[in-house]
file target35.cif (mmCIF, C-alpha atoms)
data_data
loop_
_atom_site.label_atom_id
_atom_site.label_comp_id
_atom_site.auth_asym_id
_atom_site.auth_seq_id
_atom_site.Cartn_x
_atom_site.Cartn_y
_atom_site.Cartn_z
CA MET A 1 145.20 120.19 50.98
CA SER A 2 148.97 120.83 51.10
CA LEU A 3 149.30 117.88 53.51
CA ASN A 4 147.55 115.58 51.01
CA ILE A 5 149.88 116.69 48.20
CA SER A 6 152.98 116.09 50.29
CA ILE A 7 151.70 112.61 51.24
CA LEU A 8 151.01 111.93 47.58
CA GLU A 9 154.50 113.05 46.63
CA ASP A 10 155.95 110.78 49.28
CA ILE A 11 153.93 107.85 47.96
CA ILE A 12 155.08 108.52 44.41
CA LYS A 13 158.70 108.81 45.56
CA SER A 14 158.47 105.58 47.57
CA LEU A 15 156.97 103.71 44.64
CA SER A 16 159.81 104.86 42.41
CA LEU A 17 162.30 103.73 45.02
CA ILE A 18 160.67 100.31 45.18
CA LYS A 19 160.70 100.04 41.42
CA ILE A 20 164.33 101.11 41.23
CA GLY A 21 165.32 98.71 44.00
CA PHE A 22 163.42 95.85 42.39
CA LEU A 23 164.93 96.44 38.96
CA PHE A 24 168.42 96.87 40.41
CA LEU A 25 168.14 93.57 42.27
CA ASN A 26 166.80 91.88 39.17
CA PHE A 27 169.61 93.27 37.04
CA ALA A 28 172.22 92.12 39.55
CA LEU A 29 170.68 88.65 39.42
CA ILE A 30 170.86 88.67 35.61
CA LEU A 31 174.56 89.57 35.74
CA PHE A 32 175.21 86.85 38.29
CA LEU A 33 173.36 84.25 36.23
CA THR A 34 175.36 85.29 33.16
CA VAL A 35 178.56 84.54 35.08
CA VAL A 36 177.09 81.18 36.16
CA LEU A 37 176.25 80.31 32.56
CA ILE A 38 179.75 81.23 31.37
CA GLN A 39 181.27 79.03 34.07
CA VAL A 40 178.99 76.10 33.20
CA ILE A 41 180.00 76.38 29.53
CA SER A 42 183.71 76.62 30.41
CA MET A 43 183.48 73.63 32.76
CA GLU A 44 181.83 71.64 29.98
CA ARG A 45 185.11 71.85 28.11
CA VAL A 46 187.04 70.57 31.10
CA ILE A 47 184.88 67.56 31.90
CA ARG A 48 182.28 66.19 29.56
CA GLU A 49 179.49 63.86 30.51
CA ILE A 50 177.08 63.01 27.77
CA HIS A 51 173.49 64.15 28.46
CA ASP A 52 174.07 65.67 31.90
CA SER A 53 176.18 68.62 30.77
CA ILE A 54 173.48 69.56 28.25
CA ILE A 55 170.85 69.49 30.99
CA LEU A 56 172.84 71.83 33.19
CA LYS A 57 173.57 74.22 30.36
CA PHE A 58 169.90 74.47 29.39
CA LEU A 59 168.92 74.86 33.02
CA ALA A 60 171.32 77.79 33.38
CA ILE A 61 170.01 79.35 30.17
CA GLY A 62 166.41 78.81 31.33
CA ILE A 63 166.95 80.52 34.68
CA LEU A 64 168.72 83.42 32.97
CA LEU A 65 165.87 83.87 30.48
CA LEU A 66 163.41 83.77 33.37
CA ALA A 67 165.30 86.56 35.12
CA ILE A 68 165.44 88.65 31.93
CA SER A 69 161.70 88.13 31.33
CA LEU A 70 160.93 89.19 34.88
CA PHE A 71 163.03 92.32 34.39
CA VAL A 72 161.16 93.28 31.24
CA ILE A 73 157.75 92.57 32.77
CA ALA A 74 158.60 94.53 35.92
CA PHE A 75 159.86 97.45 33.84
CA VAL A 76 156.58 97.57 31.93
CA ILE A 77 154.13 96.91 34.75
CA LEU A 78 155.65 98.87 37.62
CA MET B 79 200.34 17.92 40.57
CA PRO B 80 197.71 20.28 42.02
CA ASP B 81 198.55 23.95 42.46
CA ILE B 82 199.49 24.83 46.01
CA PHE B 83 198.88 28.53 45.55
CA VAL B 84 197.40 30.55 42.73
CA ALA B 85 198.19 34.26 42.82
CA PRO B 86 195.08 36.45 42.57
CA ASN B 87 194.67 38.42 39.38
CA ASP B 88 195.65 41.93 40.54
CA LYS B 89 195.00 43.60 37.23
CA ILE B 90 192.50 46.43 37.41
CA LYS B 91 189.61 45.60 35.16
CA THR B 92 189.22 48.17 32.44
CA SER B 93 186.21 48.56 30.19
CA ASP B 94 184.64 45.65 31.96
CA SER B 95 180.94 45.56 31.21
CA ASN B 96 180.20 44.20 34.68
CA THR B 97 181.77 47.17 36.46
CA ALA B 98 181.32 49.93 33.88
CA GLY B 99 178.42 52.30 34.35
CA HIS B 100 177.06 55.66 33.30
CA ALA B 101 178.19 58.43 35.64
CA HIS B 102 174.72 59.94 36.10
CA MET B 103 174.05 63.41 37.44
CA PHE B 104 174.06 62.40 41.11
CA ALA B 105 176.87 59.85 40.93
CA SER B 106 179.66 60.13 43.48
CA PHE B 107 181.53 56.89 42.89
CA CYS B 108 181.60 55.29 39.49
CA PRO B 109 184.21 52.73 38.39
CA ASN B 110 184.92 52.58 34.66
CA PRO B 111 182.44 55.35 33.79
CA ILE B 112 180.93 55.36 30.32
CA GLY B 113 180.52 58.56 28.33
CA VAL B 114 182.91 60.68 30.38
CA SER B 115 185.88 62.50 28.94
CA PHE B 116 188.04 65.37 30.08
CA ILE B 117 190.34 67.99 28.62
CA ASP B 118 193.81 66.77 27.57
CA GLN B 119 192.73 63.14 27.75
CA GLU B 120 195.11 61.00 25.75
CA LYS B 121 193.87 58.54 23.15
CA ASP B 122 194.85 55.43 25.07
CA GLU B 123 193.92 56.87 28.46
CA GLU B 124 190.94 55.26 30.18
CA ILE B 125 189.10 56.63 33.17
CA LEU B 126 189.06 53.92 35.82
CA LEU B 127 187.39 55.80 38.65
CA PHE B 128 185.08 58.81 38.72
CA LEU B 129 184.71 60.49 42.11
CA ARG B 130 182.78 63.35 43.64
CA ARG B 131 182.03 64.27 47.25
CA HIS B 132 179.40 62.01 48.78
CA PHE B 133 175.93 63.38 48.09
CA ILE B 134 175.17 63.52 51.82
CA THR B 135 177.56 66.49 52.06
CA ASN B 136 174.93 68.51 50.19
CA VAL B 137 172.35 68.11 52.96
CA PRO B 138 173.15 71.43 54.73
CA TRP B 139 172.45 73.63 51.71
CA ILE B 140 169.46 71.47 50.72
CA LEU B 141 167.92 72.05 54.15
CA ILE B 142 168.62 75.79 53.90
CA SER B 143 166.97 75.83 50.48
CA ILE B 144 163.86 74.08 51.82
CA ILE B 145 163.62 76.68 54.59
CA PHE B 146 163.97 79.51 52.06
CA ILE B 147 161.28 77.95 49.86
CA LEU B 148 158.84 77.66 52.74
CA LEU B 149 159.74 81.01 54.36
CA PRO B 150 157.17 83.23 52.57
CA LEU B 151 154.39 80.78 53.34
CA ILE B 152 155.42 80.59 56.99
CA ILE B 153 155.60 84.38 57.31
CA VAL B 154 152.16 84.86 55.74
CA ALA B 155 150.65 82.10 57.88
CA ILE B 156 152.10 83.47 61.12
CA ASN B 157 151.22 87.05 60.24
CA SER B 158 147.61 86.21 59.36
CA ARG B 159 147.20 84.65 62.79
CA PHE B 160 149.35 86.77 65.11
CA ALA B 161 150.18 89.91 63.05
CA ILE B 162 153.77 89.91 64.27
CA PHE B 163 155.44 91.18 61.09
CA ILE B 164 154.72 94.53 59.51
CA LEU B 165 154.54 93.64 55.83
CA PRO B 166 154.95 96.42 53.25
CA ASN B 167 151.78 97.50 51.52
CA PHE B 168 152.52 96.19 48.03
CA THR B 169 150.09 96.23 45.15
CA PRO B 170 149.08 92.71 44.01
CA SER B 171 151.22 92.93 40.85
CA LEU B 172 154.27 94.11 42.80
CA PHE B 173 153.71 91.40 45.39
CA ILE B 174 153.63 88.68 42.73
CA LEU B 175 156.70 90.07 40.99
CA ALA B 176 158.57 90.30 44.28
CA LEU B 177 157.62 86.73 45.10
CA ILE B 178 158.81 85.51 41.69
CA LEU B 179 162.09 87.37 42.12
CA TYR B 180 162.52 85.86 45.58
CA TYR B 181 162.03 82.31 44.28
CA LEU B 182 164.35 83.05 41.37
CA ILE B 183 167.06 84.00 43.86
CA VAL B 184 166.39 80.79 45.80
CA LEU B 185 166.59 78.79 42.55
CA THR B 186 169.91 80.46 41.74
CA PHE B 187 171.18 79.57 45.22
CA ILE B 188 170.23 75.92 44.68
CA PHE B 189 171.74 75.82 41.19
CA VAL B 190 175.05 77.39 42.24
CA ASN B 191 175.41 74.99 45.17
CA PHE B 192 174.61 72.05 42.93
CA ILE B 193 177.13 72.92 40.22
CA THR B 194 179.77 73.59 42.88
CA TRP B 195 179.30 69.98 44.01
CA TYR B 196 178.81 68.67 40.46
CA TYR B 197 182.00 70.07 38.99
CA ASN B 198 184.30 69.12 41.87
CA ILE B 199 185.52 65.88 40.38
CA SER B 200 188.44 63.54 40.95
CA LEU B 201 189.47 61.09 38.27
CA VAL B 202 191.77 58.09 38.35
CA THR B 203 192.90 56.91 34.94
CA ASN B 204 195.27 54.17 33.88
CA LYS B 205 197.97 56.86 33.54
CA ARG B 206 197.17 59.78 35.81
CA ILE B 207 195.28 61.12 38.75
CA ILE B 208 193.31 64.30 38.04
CA ASP B 209 191.68 66.59 40.56
CA ILE B 210 189.25 69.24 39.31
CA ASP B 211 188.43 71.92 41.86
CA PHE B 212 185.56 74.26 41.15
CA SER B 213 184.58 76.54 44.02
CA GLY B 214 183.16 80.02 44.43
CA LEU B 215 182.14 80.14 40.76
CA LEU B 216 185.22 82.09 39.73
CA TYR B 217 187.85 79.62 40.98
CA LYS B 218 188.79 76.66 38.84
CA ASN B 219 191.85 74.48 39.32
CA VAL B 220 192.77 71.34 37.38
CA ALA B 221 195.69 69.40 38.85
CA ALA B 222 197.11 66.19 37.42
CA THR B 223 199.92 63.84 38.24
CA THR B 224 201.17 60.67 36.65
CA LEU B 225 200.89 57.44 38.57
CA ALA B 226 204.67 57.06 38.51
CA LEU B 227 205.00 60.11 40.77
CA VAL B 228 202.54 58.82 43.34
CA GLN B 229 204.39 57.59 46.41
CA ASP B 230 201.70 56.79 48.89
CA VAL B 231 197.94 56.83 49.25
CA SER B 232 195.92 56.80 52.46
CA TYR B 233 192.48 57.69 53.74
CA THR B 234 190.87 59.11 56.86
CA GLN B 235 187.32 58.65 58.02
CA VAL B 236 186.41 60.72 61.06
CA GLY B 237 183.03 60.85 62.72
CA VAL B 238 179.80 58.91 62.98
CA ILE B 239 178.14 60.22 59.82
CA PRO B 240 181.14 59.51 57.55
CA ALA B 241 181.42 56.04 59.06
CA PHE B 242 177.71 55.39 58.60
CA PHE B 243 177.58 56.62 55.00
CA ASP B 244 181.09 55.29 54.24
CA TYR B 245 182.82 58.37 52.97
CA GLY B 246 186.14 59.99 53.88
CA ASP B 247 189.19 61.90 52.69
CA VAL B 248 191.76 60.23 50.48
CA ASN B 249 195.25 61.70 50.48
CA VAL B 250 197.57 60.97 47.57
CA GLN B 251 201.19 61.80 48.26
CA THR B 252 203.33 62.67 45.29
CA ALA B 253 207.08 62.71 44.95
CA GLY B 254 209.30 65.75 45.30
CA THR B 255 207.93 69.24 45.28
CA PHE B 256 204.63 68.36 43.65
CA GLU B 257 201.59 69.04 45.78
CA ASN B 258 199.62 66.26 47.34
CA PHE B 259 196.14 65.46 46.17
CA ASP B 260 193.24 65.45 48.56
CA PHE B 261 189.96 63.84 47.57
CA THR B 262 187.55 65.26 50.11
CA SER B 263 184.55 63.28 51.38
CA VAL B 264 184.62 60.66 48.62
CA PRO B 265 182.52 57.49 48.94
CA HIS B 266 184.18 54.17 49.70
CA PRO B 267 187.61 55.63 50.51
CA GLN B 268 189.03 52.21 51.26
CA ARG B 269 188.20 51.00 47.75
CA VAL B 270 189.66 54.17 46.26
CA VAL B 271 192.90 53.64 48.18
CA GLN B 272 192.95 49.99 47.11
CA ILE B 273 192.49 50.85 43.44
CA ILE B 274 195.16 53.55 43.45
CA ALA B 275 197.55 51.35 45.45
CA ASN B 276 197.09 48.55 42.92
CA LEU B 277 197.77 50.98 40.10
CA ILE B 278 200.93 52.43 41.60
CA GLY B 279 202.10 48.95 42.46
CA LYS B 280 201.60 48.00 38.85
CA GLU B 281 203.50 51.10 37.68
CA LYS B 282 206.41 50.27 39.95
CA ASN B 283 206.50 46.68 38.67
CA VAL B 284 206.61 47.92 35.10
CA ALA B 285 209.34 50.43 35.95
#
call {"tool": "encode", "arguments": {"input": "target35.cif", "output": "C-alpha cells"}}
result
Amino acid sequence: MSLNISILEDIIKSLSLIKIGFLFLNFALILFLTVVLIQVISMERVIREIHDSIILKFLAIGILLLAISLFVIAFVIL
Amino acid sequence: MPDIFVAPNDKIKTSDSNTAGHAHMFASFCPNPIGVSFIDQEKDEEILLFLRRHFITNVPWILISIIFILLPLIIVAINSRFAIFILPNFTPSLFILALILYYLIVLTFIFVNFITWYYNISLVTNKRIIDIDFSGLLYKNVAATTLALVQDVSYTQVGVIPAFFDYGDVNVQTAGTFENFDFTSVPHPQRVVQIIANLIGKEKNVA
C-alpha cells in the first residue's frame, strides 16, 4: 500500500514536471516569436516592398498567435 | 557619308518598362524594381538594381527543415517496427500538444532562416550603393556610399556550384577610410559589376 502511494506521488510529480517543462518551452517560444515580430516590423521601415512585407508581418503574427493559443490550451488541458 | 563608328549608348536604362519588374518574395536579382523603397531614399533617387543572395544558398537550411519535419514520422515508423527508441508514455492529449509545439518550433526555424535571407539586401541606385545586413535577428546594419566614392568594383566566383548557378561575391572598393562593400553570393555577378562600373564611369565623366 505504501509502495503504491509513493509510485502515485512520483507519477504526479513527473506529470507536473512535464507540464512545467512544456509550458516553459512554449513561453520561451512566445518570447522569441515576439522578438521576431518586432524585427520584422522594424525591417519594414528600412526596406519596403509592396505586398510582400505585409505577408511576412501577418505570417509572424499568425505564428505568434498560434504559440499563444497552444500555451493557453496546454495550461487548461494539462 | 556613312558613319564609320557609332558609340554604343552606355546610359543605364532607368524606369524602362522592358527591364523593370516587381521584386517578388523570392527575387534575388531584379533590375529597376517596381514598388520597392528604402529608408532615407531621396526624391530623385531611383533603385537600379535589387540584389539578395542567390536562392540556392538557402538549400542547407531547407534540407534541415525537411528532415526535422519528417523526423517524428521516421521515429514512430522505426520504433513500431524495431522498438529501438524508448518513447515517453504520454497521454494522447499531451502527445498531440507536444507534437504541435515541435512543429511550431520547426516553423519558427524556417521563418527565421527565411527572413534572414529576405532582409539581407543590396541596392544600387543612381546615386548610391546601399548594403543592408540583417543577421542573427538582433543585428542590423545599413551601410551606404555615394557612387562618387566608389573606386573599383570586382567579383569572384569560386567553385562548381557558384559557376553552375552563376552567383558570386561582388566587392566594391571605396575611397579613403570608408569600408568596402561585399555583396555575398549575388546572382549574375558579372552583370552587377558591369552595371556599377558603368555608373561610376558616368559619375567620373560628370565630375
call {"tool": "resolve_selection", "arguments": {"input": "target35.cif", "expression": "the PyMOL selection byres ((chain A and resi 17-30) around 10)", "output": "MDAnalysis selection string"}}
result
(chainID A and resid 11:16 31:36 63:68 70:72 74:75 77:78) or (chainID B and resid 168 172 175:176 179:180 182:183 186)
call {"tool": "resolve_selection", "arguments": {"input": "target35.cif", "expression": "the PyMOL selection byres ((chain B) within 10 of (chain A))", "output": "JSON list (two decimals) with C-alpha atoms, keeping the file's coordinate frame"}}
result
[["chain", "number", "residue", "atom", "x", "y", "z"],
["B", 100, "HIS", "CA", 177.06, 55.66, 33.30],
["B", 101, "ALA", "CA", 178.19, 58.43, 35.64],
["B", 102, "HIS", "CA", 174.72, 59.94, 36.10],
["B", 103, "MET", "CA", 174.05, 63.41, 37.44],
["B", 104, "PHE", "CA", 174.06, 62.40, 41.11],
["B", 111, "PRO", "CA", 182.44, 55.35, 33.79],
["B", 112, "ILE", "CA", 180.93, 55.36, 30.32],
["B", 113, "GLY", "CA", 180.52, 58.56, 28.33],
["B", 114, "VAL", "CA", 182.91, 60.68, 30.38],
["B", 115, "SER", "CA", 185.88, 62.50, 28.94],
["B", 116, "PHE", "CA", 188.04, 65.37, 30.08],
["B", 117, "ILE", "CA", 190.34, 67.99, 28.62],
["B", 118, "ASP", "CA", 193.81, 66.77, 27.57],
["B", 119, "GLN", "CA", 192.73, 63.14, 27.75],
["B", 168, "PHE", "CA", 152.52, 96.19, 48.03],
["B", 169, "THR", "CA", 150.09, 96.23, 45.15],
["B", 171, "SER", "CA", 151.22, 92.93, 40.85],
["B", 172, "LEU", "CA", 154.27, 94.11, 42.80],
["B", 175, "LEU", "CA", 156.70, 90.07, 40.99],
["B", 176, "ALA", "CA", 158.57, 90.30, 44.28],
["B", 178, "ILE", "CA", 158.81, 85.51, 41.69],
["B", 179, "LEU", "CA", 162.09, 87.37, 42.12],
["B", 180, "TYR", "CA", 162.52, 85.86, 45.58],
["B", 182, "LEU", "CA", 164.35, 83.05, 41.37],
["B", 183, "ILE", "CA", 167.06, 84.00, 43.86],
["B", 185, "LEU", "CA", 166.59, 78.79, 42.55],
["B", 186, "THR", "CA", 169.91, 80.46, 41.74],
["B", 189, "PHE", "CA", 171.74, 75.82, 41.19],
["B", 190, "VAL", "CA", 175.05, 77.39, 42.24],
["B", 192, "PHE", "CA", 174.61, 72.05, 42.93],
["B", 193, "ILE", "CA", 177.13, 72.92, 40.22],
["B", 196, "TYR", "CA", 178.81, 68.67, 40.46],
["B", 197, "TYR", "CA", 182.00, 70.07, 38.99],
["B", 199, "ILE", "CA", 185.52, 65.88, 40.38],
["B", 210, "ILE", "CA", 189.25, 69.24, 39.31],
["B", 212, "PHE", "CA", 185.56, 74.26, 41.15],
["B", 215, "LEU", "CA", 182.14, 80.14, 40.76],
["B", 216, "LEU", "CA", 185.22, 82.09, 39.73],
["B", 217, "TYR", "CA", 187.85, 79.62, 40.98],
["B", 218, "LYS", "CA", 188.79, 76.66, 38.84],
["B", 220, "VAL", "CA", 192.77, 71.34, 37.38]]
call {"tool": "atom_distance", "arguments": {"input": "target35.cif", "atom1": "CA of Leu127 in chain B", "atom2": "CA of Pro109 in chain B"}}
result
4.4 Å
call {"tool": "residues_around", "arguments": {"input": "target35.cif", "residues": "range 145-162 of chain B", "least_positions_apart": "5", "cutoff": "9 Å", "atoms": "all atoms listed in the file", "output": "PDB file with C-alpha atoms, in the coordinates of the input"}}
result
ATOM      1  CA  ILE B 140     169.460  71.470  50.720  1.00  0.00           C
ATOM      2  CA  LEU B 177     157.620  86.730  45.100  1.00  0.00           C
ATOM      3  CA  TYR B 181     162.030  82.310  44.280  1.00  0.00           C
ATOM      4  CA  VAL B 184     166.390  80.790  45.800  1.00  0.00           C
TER       5      VAL B 184
END
call {"tool": "atom_distance", "arguments": {"input": "target35.cif", "atom1": "CA of Leu141 in chain B", "atom2": "CA of Phe261 in chain B"}}
result
24.4 Å
call {"tool": "axis_aligned_box", "arguments": {"input": "target35.cif", "around": "range 63-68 of chain A", "padding_each_side": "6 Å", "output": "AutoDock Vina command-line options"}}
result
--center_x 166.1 --center_y 84.6 --center_z 32.8 --size_x 17.3 --size_y 20.1 --size_z 16.6
call {"tool": "residues_around", "arguments": {"input": "target35.cif", "residues": "His266 in chain B", "least_positions_apart": "5", "cutoff": "8 Å", "atoms": "only C-alpha atoms", "output": "list in words"}}
result
Phe107, Asp244, Tyr245 and Gly246 of chain B
call {"tool": "atom_distance", "arguments": {"input": "target35.cif", "atom1": "CA of Ile134 in chain B", "atom2": "CA of Gly214 in chain B"}}
result
19.8 Å
call {"tool": "closest_residue", "arguments": {"input": "target35.cif", "among": "B:Leu129, B:Ala253, B:Ala221, B:Ile142", "to": "Pro267 in chain B", "atoms": "only C-alpha atoms"}}
result
B:Leu129
call {"tool": "closest_residue", "arguments": {"input": "target35.cif", "among": "B:Val238, B:Ile273, B:Val202, B:Val228", "to": "Gln251 in chain B", "atoms": "only C-alpha atoms"}}
result
B:Val228
call {"tool": "residues_around", "arguments": {"input": "target35.cif", "residues": "Thr203 in chain B", "least_positions_apart": "3", "cutoff": "8 Å", "atoms": "all atoms listed in the file", "output": "short mmCIF file (atom, residue, chain, number, x, y, z; two decimals) with C-alpha atoms, in the frame of the given file"}}
result
data_model
loop_
_atom_site.label_atom_id
_atom_site.label_comp_id
_atom_site.auth_asym_id
_atom_site.auth_seq_id
_atom_site.Cartn_x
_atom_site.Cartn_y
_atom_site.Cartn_z
CA GLU B 123 193.92 56.87 28.46
CA GLU B 124 190.94 55.26 30.18
CA ILE B 125 189.10 56.63 33.17
CA LEU B 126 189.06 53.92 35.82
CA LEU B 127 187.39 55.80 38.65
CA ARG B 206 197.17 59.78 35.81
CA ILE B 207 195.28 61.12 38.75
#
call {"tool": "residues_around", "arguments": {"input": "target35.cif", "residues": "Thr135 in chain B", "least_positions_apart": "2", "cutoff": "12 Å", "atoms": "all atoms listed in the file", "output": "list of chain:residue names"}}
result
B:Ser106, B:Arg130, B:Arg131, B:His132, B:Phe133, B:Val137, B:Pro138, B:Trp139, B:Ile140, B:Leu141, B:Asn191, B:Phe192, B:Thr194, B:Trp195, B:Tyr196, B:Ile239, B:Pro240, B:Phe243, B:Asp244, B:Tyr245, B:Gly246, B:Thr262, B:Ser263, B:Val264, B:Pro265
call {"tool": "write_last_selection", "arguments": {"input": "target35.cif", "atoms": "C-alpha atoms", "output": "CSV table (one decimal), in the frame of the given file"}}
result
chain,number,residue,atom,x,y,z
B,106,SER,CA,179.7,60.1,43.5
B,130,ARG,CA,182.8,63.4,43.6
B,131,ARG,CA,182.0,64.3,47.2
B,132,HIS,CA,179.4,62.0,48.8
B,133,PHE,CA,175.9,63.4,48.1
B,137,VAL,CA,172.4,68.1,53.0
B,138,PRO,CA,173.2,71.4,54.7
B,139,TRP,CA,172.4,73.6,51.7
B,140,ILE,CA,169.5,71.5,50.7
B,141,LEU,CA,167.9,72.0,54.2
B,191,ASN,CA,175.4,75.0,45.2
B,192,PHE,CA,174.6,72.0,42.9
B,194,THR,CA,179.8,73.6,42.9
B,195,TRP,CA,179.3,70.0,44.0
B,196,TYR,CA,178.8,68.7,40.5
B,239,ILE,CA,178.1,60.2,59.8
B,240,PRO,CA,181.1,59.5,57.6
B,243,PHE,CA,177.6,56.6,55.0
B,244,ASP,CA,181.1,55.3,54.2
B,245,TYR,CA,182.8,58.4,53.0
B,246,GLY,CA,186.1,60.0,53.9
B,262,THR,CA,187.6,65.3,50.1
B,263,SER,CA,184.6,63.3,51.4
B,264,VAL,CA,184.6,60.7,48.6
B,265,PRO,CA,182.5,57.5,48.9
call {"tool": "resolve_selection", "arguments": {"input": "target35.cif", "expression": "the PyMOL selection byres ((chain B and resi 249) around 7)", "output": "ChimeraX atom specification"}}
result
/B:231-233,247-248,250-251,259-261
call {"tool": "decode", "arguments": {"input": "target35.cif", "residues": "range 151-163 of chain B", "atoms": "N, CA, C and O atoms", "output": "JSON list (two decimals), in the first residue's frame"}}
result
[["chain", "number", "residue", "atom", "x", "y", "z"],
["B", 151, "LEU", "N", 7.77, 11.28, -37.81],
["B", 151, "LEU", "CA", 7.20, 10.17, -38.57],
["B", 151, "LEU", "C", 8.21, 9.03, -38.70],
["B", 151, "LEU", "O", 7.85, 7.85, -38.57],
["B", 152, "ILE", "N", 9.46, 9.40, -38.94],
["B", 152, "ILE", "CA", 10.51, 8.39, -39.09],
["B", 152, "ILE", "C", 10.71, 7.64, -37.77],
["B", 152, "ILE", "O", 10.82, 6.41, -37.75],
["B", 153, "ILE", "N", 10.73, 8.39, -36.67],
["B", 153, "ILE", "CA", 10.95, 7.78, -35.35],
["B", 153, "ILE", "C", 9.82, 6.81, -35.03],
["B", 153, "ILE", "O", 10.05, 5.68, -34.57],
["B", 154, "VAL", "N", 8.59, 7.24, -35.27],
["B", 154, "VAL", "CA", 7.44, 6.38, -34.98],
["B", 154, "VAL", "C", 7.45, 5.14, -35.87],
["B", 154, "VAL", "O", 7.18, 4.02, -35.42],
["B", 155, "ALA", "N", 7.80, 5.33, -37.13],
["B", 155, "ALA", "CA", 7.83, 4.20, -38.07],
["B", 155, "ALA", "C", 8.89, 3.18, -37.68],
["B", 155, "ALA", "O", 8.65, 1.97, -37.67],
["B", 156, "ILE", "N", 10.08, 3.69, -37.33],
["B", 156, "ILE", "CA", 11.18, 2.78, -36.96],
["B", 156, "ILE", "C", 10.85, 2.08, -35.65],
["B", 156, "ILE", "O", 11.09, 0.88, -35.48],
["B", 157, "ASN", "N", 10.29, 2.84, -34.71],
["B", 157, "ASN", "CA", 10.02, 2.29, -33.38],
["B", 157, "ASN", "C", 8.90, 1.24, -33.42],
["B", 157, "ASN", "O", 8.92, 0.27, -32.66],
["B", 158, "SER", "N", 7.94, 1.44, -34.31],
["B", 158, "SER", "CA", 6.83, 0.46, -34.41],
["B", 158, "SER", "C", 7.33, -0.86, -34.97],
["B", 158, "SER", "O", 6.78, -1.91, -34.68],
["B", 159, "ARG", "N", 8.41, -0.79, -35.74],
["B", 159, "ARG", "CA", 8.94, -2.00, -36.36],
["B", 159, "ARG", "C", 10.04, -2.66, -35.53],
["B", 159, "ARG", "O", 10.07, -3.87, -35.35],
["B", 160, "PHE", "N", 10.97, -1.81, -35.03],
["B", 160, "PHE", "CA", 12.15, -2.38, -34.36],
["B", 160, "PHE", "C", 12.21, -2.08, -32.86],
["B", 160, "PHE", "O", 13.02, -2.65, -32.17],
["B", 161, "ALA", "N", 11.38, -1.15, -32.38],
["B", 161, "ALA", "CA", 11.35, -0.79, -30.95],
["B", 161, "ALA", "C", 12.73, -0.41, -30.43],
["B", 161, "ALA", "O", 13.19, -0.86, -29.39],
["B", 162, "ILE", "N", 13.40, 0.48, -31.19],
["B", 162, "ILE", "CA", 14.74, 0.90, -30.80],
["B", 162, "ILE", "C", 14.68, 1.99, -29.73],
["B", 162, "ILE", "O", 15.39, 1.98, -28.74],
["B", 163, "PHE", "N", 13.77, 2.97, -29.96],
["B", 163, "PHE", "CA", 13.69, 4.11, -29.06],
["B", 163, "PHE", "C", 12.72, 3.83, -27.92],
["B", 163, "PHE", "O", 11.70, 3.19, -28.11]]
